[in-house]
Each structure stands twice: as C-alpha cells, then as structure tokens.
Amino acid sequence: MVIRLLPEQNQTPSYQISLFPSTSKKLISLLKHAHGLIIFTGPTGSGKTTTLYSMLSETSDLVNRNVITLEDPIEKPSDTVLQVQVNERAGISYSAGLKAILRHDPDIIMVGEIRDKETAETAIRASLTGHLVLTTMHTRDARGAIYRLIEFGINWLEIEQTLIAVTAQRLVELTCPYCEGTCSPFCFSSGSSKRGNVFEILTGKDLSAVLKEARGELQSYHYKTLKDAIRKGIALGFIKESEYQRWVLNDGE
C-alpha cells in the first residue's frame, strides 16, 4: 500500500514555487495566455502537484479566472477550483468529463496527468477549443514531453498549434549560504524549508526550435536547463553539491 500525504491548508505561495524568484514570475506569467497547452514534467515526488495547485490558486484568487480540473484521482481537494473525479465504472471518462467541463466554459482546465493516448488527445482537444490547459507528464526533461506526445500519436501540427510551454522540475536539498550545518536562531533562514524546486522552462523561440528538431530538422537552441539551474544554486551556496551528483549525473546529462 502506498499513501501520499499532501497538506491541504499549507498552500505554497506563488513566489516560493521556485528557488529563484525570476523563475516563479515566468511560471505565473504563463497563466496570462488565453488558450493553449502547458505541460509540467518531472519524476514522481518532484513537486508537480504542489506547483500546479499553487499556480491554480494564484490565478483563481487574484486574477479571478474560472478553473476546473479533471483528475484521476483528485490528489489535493481545493475550495478555489471546481474538481471533477474521473470514474470509468460510472461512465465518467476523460472524454465524457471534458464534454461536461466545456459546457461550463471555464478559463483554465487542468488535466491531472497525461498517461496514455486518450488523456493526451483530451488535453489537446481542450486546448484547441480556446481554453488554457495545464497538465503533467513523467519525462526526464522538457524536450522529452514533445517526443512523448508524438509517441502517443498526436499530430505534429496540433502540437505546434497548442503547445505554449513545457517545464521540467527537480526537488533539491537546500543549505544555508551563511551558516555551517544547523542555522542559529538569529539566521534569517532559520525555520524555513530545507527543500526547494529548480526549473527549466522551454517556451518561445527555443520551443519552436525543439518542435522542428522533433520533426527531423536540424536546429540550435540555448535555453537554461536543469543542470544550469542546479549549478547556479550551488555557486550561490543555496544547493548542496551532492544534488549535482544526485540529479544531473543520474539523468545522464
């Protein structure tokens, strides 16, 4: 038996989504799009669910946008969004749930996770109907999400028309740059979280280049990867050097 404990009351503020504030601002700015598809990738336990709900709560409360989720299962009950539970036995599949959701004409639709061809088609179909769709996927990096969609049989043209951004994230152990070992009670970081997220964001011209590369065209792109983010955190003294061995080398980068 596997039990996942997700605190419902302790919502992570949007500015604390990433270790670097500039990255958090970029993530929030993605929600300003009126329609399209945004995919969050990363391994199990990397904080994708926490990131998604933090961003959805932000846009629901501050921007006052209507948010509906389609999940299997509902991992984190929320009072700020309308959540729909997929139940195949009761006839509520991803396709049926999407049809019901579209009748409400929401601003943002969150599809829990792309696991198979049906879910991928559901996410693409929802984004093609003029809605902003947020979803997650298990891939090693941001580029891998594009190739995974192609493996699911999604038309390349549909991917190009709908995909706005792909992010990849890792949860890393933090260290205080001012104290050795345990922080003193007078340190400003005393009592703060000992783990944080780093991201790579693939969007804009770099995303277009990767899409063309997936089609077989030779392209060059230079976006900041997870390896760059972890190296920056180590250089600033916020991330333990062991995290480079743990994530970057294990990922084969």
# chains A, B, ... in the order shown; residues from 1 in each chain; ligands from 1
>>> select_by_dssp(residues="stretch 6-109 of chain A", states="helix (DSSP H, G or I)", output="MDAnalysis selection string")
chainID A and resid 14:16 21:30 48:61 94:103
>>> write_last_selection(atoms="C-alpha atoms", output="mmCIF file, in the first residue's frame")
data_model
loop_
_atom_site.group_PDB
_atom_site.id
_atom_site.type_symbol
_atom_site.label_atom_id
_atom_site.label_comp_id
_atom_site.auth_asym_id
_atom_site.auth_seq_id
_atom_site.Cartn_x
_atom_site.Cartn_y
_atom_site.Cartn_z
ATOM 1 C CA SER A 14 3.411 31.573 -5.826
ATOM 2 C CA TYR A 15 6.658 33.438 -5.153
ATOM 3 C CA GLN A 16 8.035 30.337 -3.405
ATOM 4 C CA PRO A 21 12.120 34.405 -7.862
ATOM 5 C CA SER A 22 12.639 35.230 -11.546
ATOM 6 C CA THR A 23 11.614 31.675 -12.466
ATOM 7 C CA SER A 24 8.488 31.907 -10.291
ATOM 8 C CA LYS A 25 7.481 35.099 -12.149
ATOM 9 C CA LYS A 26 7.956 33.372 -15.517
ATOM 10 C CA LEU A 27 5.746 30.474 -14.427
ATOM 11 C CA ILE A 28 2.970 32.795 -13.252
ATOM 12 C CA SER A 29 3.224 34.830 -16.467
ATOM 13 C CA LEU A 30 2.401 31.674 -18.466
ATOM 14 C CA LYS A 48 4.499 18.862 -9.837
ATOM 15 C CA THR A 49 1.178 18.624 -7.956
ATOM 16 C CA THR A 50 2.224 21.302 -5.456
ATOM 17 C CA THR A 51 3.362 23.588 -8.284
ATOM 18 C CA LEU A 52 0.119 23.133 -10.222
ATOM 19 C CA TYR A 53 -2.184 23.828 -7.292
ATOM 20 C CA SER A 54 -0.148 26.815 -6.180
ATOM 21 C CA MET A 55 -0.442 28.360 -9.655
ATOM 22 C CA LEU A 56 -4.142 27.492 -9.974
ATOM 23 C CA SER A 57 -4.872 29.016 -6.564
ATOM 24 C CA GLU A 58 -2.972 32.160 -7.586
ATOM 25 C CA THR A 59 -4.899 32.670 -10.819
ATOM 26 C CA SER A 60 -8.245 31.776 -9.230
ATOM 27 C CA ASP A 61 -7.907 34.179 -6.281
ATOM 28 C CA TYR A 94 -11.629 11.731 -19.602
ATOM 29 C CA SER A 95 -13.621 12.296 -22.800
ATOM 30 C CA ALA A 96 -17.001 12.406 -21.029
ATOM 31 C CA GLY A 97 -15.611 14.600 -18.264
ATOM 32 C CA LEU A 98 -14.171 17.025 -20.812
ATOM 33 C CA LYS A 99 -17.524 17.357 -22.585
ATOM 34 C CA ALA A 100 -19.205 18.198 -19.271
ATOM 35 C CA ILE A 101 -16.461 20.684 -18.374
ATOM 36 C CA LEU A 102 -16.691 22.538 -21.702
ATOM 37 C CA ARG A 103 -20.375 23.274 -21.041
#
>>> residues_around(residues="A:Lys117", least_positions_apart="2", cutoff="7 Å", atoms="only C-alpha atoms", output="VMD selection string")
chain A and resid 119 to 121 152 to 153
>>> write_last_selection(atoms="all heavy atoms", output="compact mmCIF listing (two decimals), in the first residue's frame")
# COMPACT_ATOMS: atom_id res chain seq x y z
N THR A 119 -5.75 10.34 -22.79
CA THR A 119 -5.54 11.55 -21.99
C THR A 119 -4.85 12.63 -22.80
O THR A 119 -5.18 13.82 -22.69
CB THR A 119 -4.70 11.23 -20.74
OG1 THR A 119 -5.12 10.00 -20.17
CG2 THR A 119 -4.83 12.32 -19.71
N ALA A 120 -3.87 12.24 -23.62
CA ALA A 120 -3.16 13.21 -24.45
C ALA A 120 -4.12 13.87 -25.44
O ALA A 120 -4.09 15.09 -25.63
CB ALA A 120 -2.03 12.51 -25.20
N GLU A 121 -4.98 13.06 -26.07
CA GLU A 121 -5.96 13.61 -27.01
C GLU A 121 -6.94 14.53 -26.30
O GLU A 121 -7.37 15.54 -26.86
CB GLU A 121 -6.70 12.47 -27.71
CG GLU A 121 -5.84 11.68 -28.68
CD GLU A 121 -6.57 10.49 -29.26
OE1 GLU A 121 -7.63 10.12 -28.69
OE2 GLU A 121 -6.11 9.94 -30.27
N PHE A 152 2.44 9.11 -28.50
CA PHE A 152 1.02 8.86 -28.25
C PHE A 152 0.18 9.03 -29.52
O PHE A 152 -1.04 8.86 -29.47
CB PHE A 152 0.50 9.77 -27.15
CG PHE A 152 0.95 9.38 -25.77
CD1 PHE A 152 1.25 10.36 -24.82
CD2 PHE A 152 1.07 8.06 -25.40
CE1 PHE A 152 1.65 10.01 -23.54
CE2 PHE A 152 1.48 7.70 -24.13
CZ PHE A 152 1.77 8.67 -23.20
N GLY A 153 0.81 9.41 -30.61
CA GLY A 153 0.09 9.54 -31.87
C GLY A 153 -0.54 10.90 -32.10
O GLY A 153 -1.40 11.04 -32.99
>>> select_by_dssp(residues="stretch 31-237 of chain A", states="strand (DSSP E)", output="ChimeraX atom specification")
/A:36-41,67-71,82-85,108-111,132-137,163-173,195-203
>>> atom_distance(atom1="atom CA of A:Glu158", atom2="atom CA of A:Ser127")
9.7 Å
>>> residues_around(residues="A:Leu128", least_positions_apart="3", cutoff="9 Å", atoms="only C-alpha atoms", output="ChimeraX atom specification")
/A:35-37,123-125,131,158,161-162
>>> residues_around(residues="stretch 169-186 of chain A", least_positions_apart="2", cutoff="9 Å", atoms="only C-alpha atoms", output="number ranges by chain")
A: 40-43, 45-48, 141-142, 167, 188-191, 193-201, 226, 230, 233, 236-240, 242-243, 247
>>> closest_residue(among="A:Thr80, A:Ala168, A:Phe20, A:Leu149", to="A:Glu118", atoms="only C-alpha atoms")
A:Leu149
>>> closest_residue(among="A:His33, A:Arg246, A:Lys205, A:Arg148", to="A:Val133", atoms="only C-alpha atoms")
A:His33
>>> atom_distance(atom1="atom CA of A:Met110", atom2="atom CA of A:Val84")
9.9 Å
